[in-house]
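Have a look at the structure below before the remarks.
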Amino acid sequence: MTTAPATPEVAAALNQACECRTINEPLLHRLLEDDAALAGQWQSVASTRPHLFSSTTVFLSRHTVAQITQAVATLERVIALAPYRQAALARAPAVALHAFGPKGVFMGYDFHLSAQGPRLIEVNTNASGALLNAILARANQACCDAIEWAFQPHSALARLEDTFFDMFLAEWRSQRGEQPLRSVAIVDDGPSQQYLAPEFELFRQMFERRGLVAVVADSADLDHRDGRLWHGAQPIDLVYNRLTDFDLSDPGHGALLHAYTAGHVVLTPHPRAHALHADKRNLVTLSDDAMLASWGVSEADRQVLRDVVPHTVAVTPDTSQALWAQRRQYFFKPVSGYGAKGTYRGDKLTKRVWETILAGDHVAQVLVAPGARLVQVDGVSSDLKFDVRAYAYDGQVQLMAARMYAGQTTNFRTPGGGFAPIVVLP
């Protein structure tokens, strides 16, 4: 094992051969409990979210990691081009036309690993789990001497929280310059009821440790008055946006919408970031080589996109007949969906569901099977699926993690599944 080349094939072989538990659960619990945000709460988290964390790791080769890193940087370069932005914003809601400076924190690039390399499945603008995965990775350790060679120390993990905070500070300064940042709100609908509510508390504590006033807030409890956004008596300078109402069109988000469009609060991520990155119709553009060439995208960047972006087409009356005939080759997604809601594998489609797809606004992406990871749950071995998420800011990957699951999509309901750390083979 120690002399084997760390190729993608070696990583795949380890994912299919090593079923040991690599997460030091007592250490993970201690790391979580040591954070003041979750002190005394771990038992509650574990009982209400039993499948939040997997008990094992996912192995990747350095080559695969380099491909993902290159893909993220390439995507960011293409998205920055004027013709791309014009096309994306032309189909976006008016609120996406506002450009105040922030780029959008925690962009999430989700990949499946094919035999030919990583393939981009989708992009998310409010990718969740970064802080949880940063802690999880610190509790990952070799399960036995035979695999010790693969588990190298990652000193960068200890600095990740600083990296994340610096990202928020960069967002603030891009809109407010050198004005002091004093207060932050982590905002969602019914935040205490969200599955990843523990992470909201981790972020609140992260901000407070750096001298800021920080609150976890329901969007319905915000108020826009006197040229400021308020949470009760507390003025809010910056909002870390965890809402899935990407254009803020829900009436319950009116205060945040008005404060944002007036420039009275720094919002990240924001509707413009979603329109440019996460609208599924962008996958059609990014897999259209001829269009990208006409926009002046370099041959090198187009080759990266040809390699990494599965061919994607819009579901329209003109394409519907061919797509139905070839449906087993595709995965169908709503253009503004999230969390795999409303997505369908073509080989699972019924005529009734197909009519729903035709009546909505969907794209069809060439199907790329997820990776497979052998796990042991209650003494029984089984294969789980996994995808790889690259958390990135401004085209730079900050952290990679995996999500393991059974079924059609990631779900956090699978025994043995959940977030899993990445081990990059040396």
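To be explicit about the labels: the chains of the structure tokens are called A, B, and onward in the order shown, and within each one the residues are counted from 1, while ligands get numbers from 1 in the order they are shown.
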
Item to complete: Go through range 34-229 of chain A and collect every residue that DSSP, computed from the backbone, puts in helix (DSSP H, G or I); the answer should be as a VMD selection string.
Response: chain A and resid 34 42 to 48 62 to 79 82 to 90 94 to 97 130 to 138 145 to 150 155 to 176 191 to 193 197 to 208 219 to 221

Taking the chain letters and numbering used in this document, name the residues of range 16-240 of chain A that DSSP puts in strand (DSSP E or B), as number ranges by chain. A: 23, 53, 58-60, 107-114, 117-124, 140, 183-188, 213-218, 222-225, 228-231, 234-236, 238-240

Go through A:Tyr330, A:Trp295, A:Phe53, A:Trp42 and flag the residue nearest Ala420 in chain A, using only C-alpha atoms for the distances.
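Nearest to Ala420 in chain A: A:Phe53.
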
Please tabulate, as a Markdown table, the residues of range 35-80 of chain A that come within 9 Å of range 9-16 of chain A, each with its closest pair of atoms and the distance in Å to one decimal, counting only C-alpha atoms and ordering rows by chain, then residue number upward.
| residue | atom | partner | partner_atom | distance |
| --- | --- | --- | --- | --- |
| A:Thr57 | CA | A:Asn15 | CA | 8.5 |
| A:Val58 | CA | A:Asn15 | CA | 6.4 |
| A:Phe59 | CA | A:Ala11 | CA | 5.3 |
| A:Leu60 | CA | A:Ala11 | CA | 5.3 |
| A:Ser61 | CA | A:Ala11 | CA | 5.8 |

Would you write out those residues with N, CA and C atoms, as a tab-separated table (two decimals), in the first residue's frame?
chain	number	residue	atom	x	y	z
A	57	THR	N	-14.62	8.05	5.97
A	57	THR	CA	-14.09	9.08	5.09
A	57	THR	C	-14.28	8.70	3.63
A	58	VAL	N	-14.05	9.64	2.74
A	58	VAL	CA	-14.01	9.38	1.30
A	58	VAL	C	-12.61	9.73	0.81
A	59	PHE	N	-12.03	8.83	0.03
A	59	PHE	CA	-10.67	9.01	-0.47
A	59	PHE	C	-10.70	9.64	-1.86
A	60	LEU	N	-9.85	10.64	-2.05
A	60	LEU	CA	-9.65	11.24	-3.37
A	60	LEU	C	-8.16	11.29	-3.69
A	61	SER	N	-7.82	11.19	-4.95
A	61	SER	CA	-6.43	11.38	-5.36
A	61	SER	C	-6.14	12.86	-5.50

I want to know what sits within 12 Å of Ser128 in chain A, based on only C-alpha atoms, with residues of the same chain fewer than 3 positions away left out; could you give that as a CSV table (one decimal) with C-alpha atoms, in the first residue's frame?
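Saved the output as part-v8.csv:
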chain,number,residue,atom,x,y,z
A,105,VAL,CA,-19.9,33.5,0.4
A,106,PHE,CA,-19.8,29.7,0.4
A,107,MET,CA,-20.3,29.0,-3.2
A,108,GLY,CA,-20.8,25.2,-3.4
A,109,TYR,CA,-19.7,23.2,-6.5
A,110,ASP,CA,-21.1,19.7,-6.4
A,124,ASN,CA,-25.2,26.3,-5.0
A,125,THR,CA,-25.0,29.9,-3.7
A,131,LEU,CA,-18.2,24.8,9.5
A,132,LEU,CA,-19.5,21.4,10.4
A,133,ASN,CA,-17.3,19.8,7.9
A,134,ALA,CA,-14.3,21.8,9.1
A,194,GLN,CA,-33.8,23.9,10.2
A,195,TYR,CA,-31.9,20.7,9.9
A,196,LEU,CA,-28.6,22.5,10.0
A,197,ALA,CA,-29.6,24.8,12.9
A,198,PRO,CA,-26.5,23.7,14.9
A,199,GLU,CA,-24.3,25.3,12.2
A,200,PHE,CA,-26.1,28.6,12.6
A,203,PHE,CA,-21.4,30.8,12.9
A,240,TYR,CA,-25.4,35.9,6.1
A,241,ASN,CA,-28.2,34.7,3.9
A,242,ARG,CA,-29.3,31.1,4.3
A,243,LEU,CA,-32.7,31.5,2.7
A,244,THR,CA,-33.8,29.4,-0.3
A,269,PRO,CA,-25.0,35.5,-0.8
A,338,TYR,CA,-32.4,23.4,-4.4
A,339,GLY,CA,-31.8,20.5,-2.2
A,389,ARG,CA,-18.7,19.4,-2.6
A,390,ALA,CA,-16.1,22.1,-3.1
A,391,TYR,CA,-16.7,25.2,-0.9
A,392,ALA,CA,-15.2,28.2,-2.7
A,401,ALA,CA,-16.2,17.4,1.8
A,403,ARG,CA,-22.1,13.7,1.3
A,419,PHE,CA,-21.3,14.5,5.7

* To do: Name all residues at most 12 Å from Leu257 in chain A (count only C-alpha atoms; drop same-chain ones fewer than 3 positions away) and give them as a ChimeraX atom specification.
  => /A:94-96,98,219-220,222-224,229,239,241,243,245-254,260-267,270-271

Expected file contents, prior selection, C-alpha atoms, as a compact mmCIF listing (two decimals), in the first residue's frame:
# COMPACT_ATOMS: atom_id res chain seq x y z
CA ALA A 94 -34.92 42.38 -11.72
CA VAL A 95 -33.52 42.14 -8.18
CA ALA A 96 -30.49 40.30 -9.61
CA HIS A 98 -28.28 45.07 -8.29
CA SER A 219 -36.43 36.77 8.30
CA ALA A 220 -39.94 37.56 9.55
CA LEU A 222 -36.39 41.77 10.56
CA ASP A 223 -37.47 45.37 10.07
CA HIS A 224 -36.32 48.00 7.58
CA LEU A 229 -32.06 46.83 8.74
CA VAL A 239 -26.67 39.40 6.66
CA ASN A 241 -28.23 34.70 3.92
CA LEU A 243 -32.73 31.53 2.70
CA ASP A 245 -35.97 32.17 -1.60
CA PHE A 246 -33.20 33.20 -3.96
CA ASP A 247 -34.85 36.32 -5.39
CA LEU A 248 -36.42 37.40 -2.05
CA SER A 249 -39.85 37.40 -3.66
CA ASP A 250 -41.64 35.86 -0.67
CA PRO A 251 -43.70 38.57 1.08
CA GLY A 252 -42.24 37.46 4.40
CA HIS A 253 -38.81 38.58 3.19
CA GLY A 254 -39.90 42.10 2.32
CA TYR A 260 -30.87 45.08 0.26
CA THR A 261 -32.10 46.92 -2.83
CA ALA A 262 -31.70 50.24 -1.02
CA GLY A 263 -28.10 49.38 -0.18
CA HIS A 264 -28.86 49.62 3.54
CA VAL A 265 -27.45 46.19 4.40
CA VAL A 266 -24.67 44.01 3.02
CA LEU A 267 -26.26 40.73 1.92
CA HIS A 270 -27.49 37.56 -2.84
CA PRO A 271 -29.88 37.27 -5.81

With distances taken over only C-alpha atoms, the candidate from A:Leu27, A:Gln205, A:His274, A:Pro50 nearest Gly417 in chain A is A:Pro50

I'd like the contact shell of range 322-327 of chain A - 12 Å cut-off, only C-alpha atoms, skipping same-chain residues fewer than 2 positions apart - returned as a count of residues only. 32

Report task. Determine, counting only C-alpha atoms, which protein, DNA and RNA residues have an atom within 9 Å of an atom of range 297-306 of chain A; residues of the same chain fewer than 2 positions away are not included. Present the result as a VMD selection string. Result -> chain A and resid 67 70 to 71 74 to 75 77 to 78 81 286 to 289 292 to 295 308 to 311

- One-decimal distance in Å that lies between CA of Asp226 in chain A and CA of Leu256 in chain A: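 Going from CA of Leu256 in chain A over to CA of Asp226 in chain A covers 13.7 Å.
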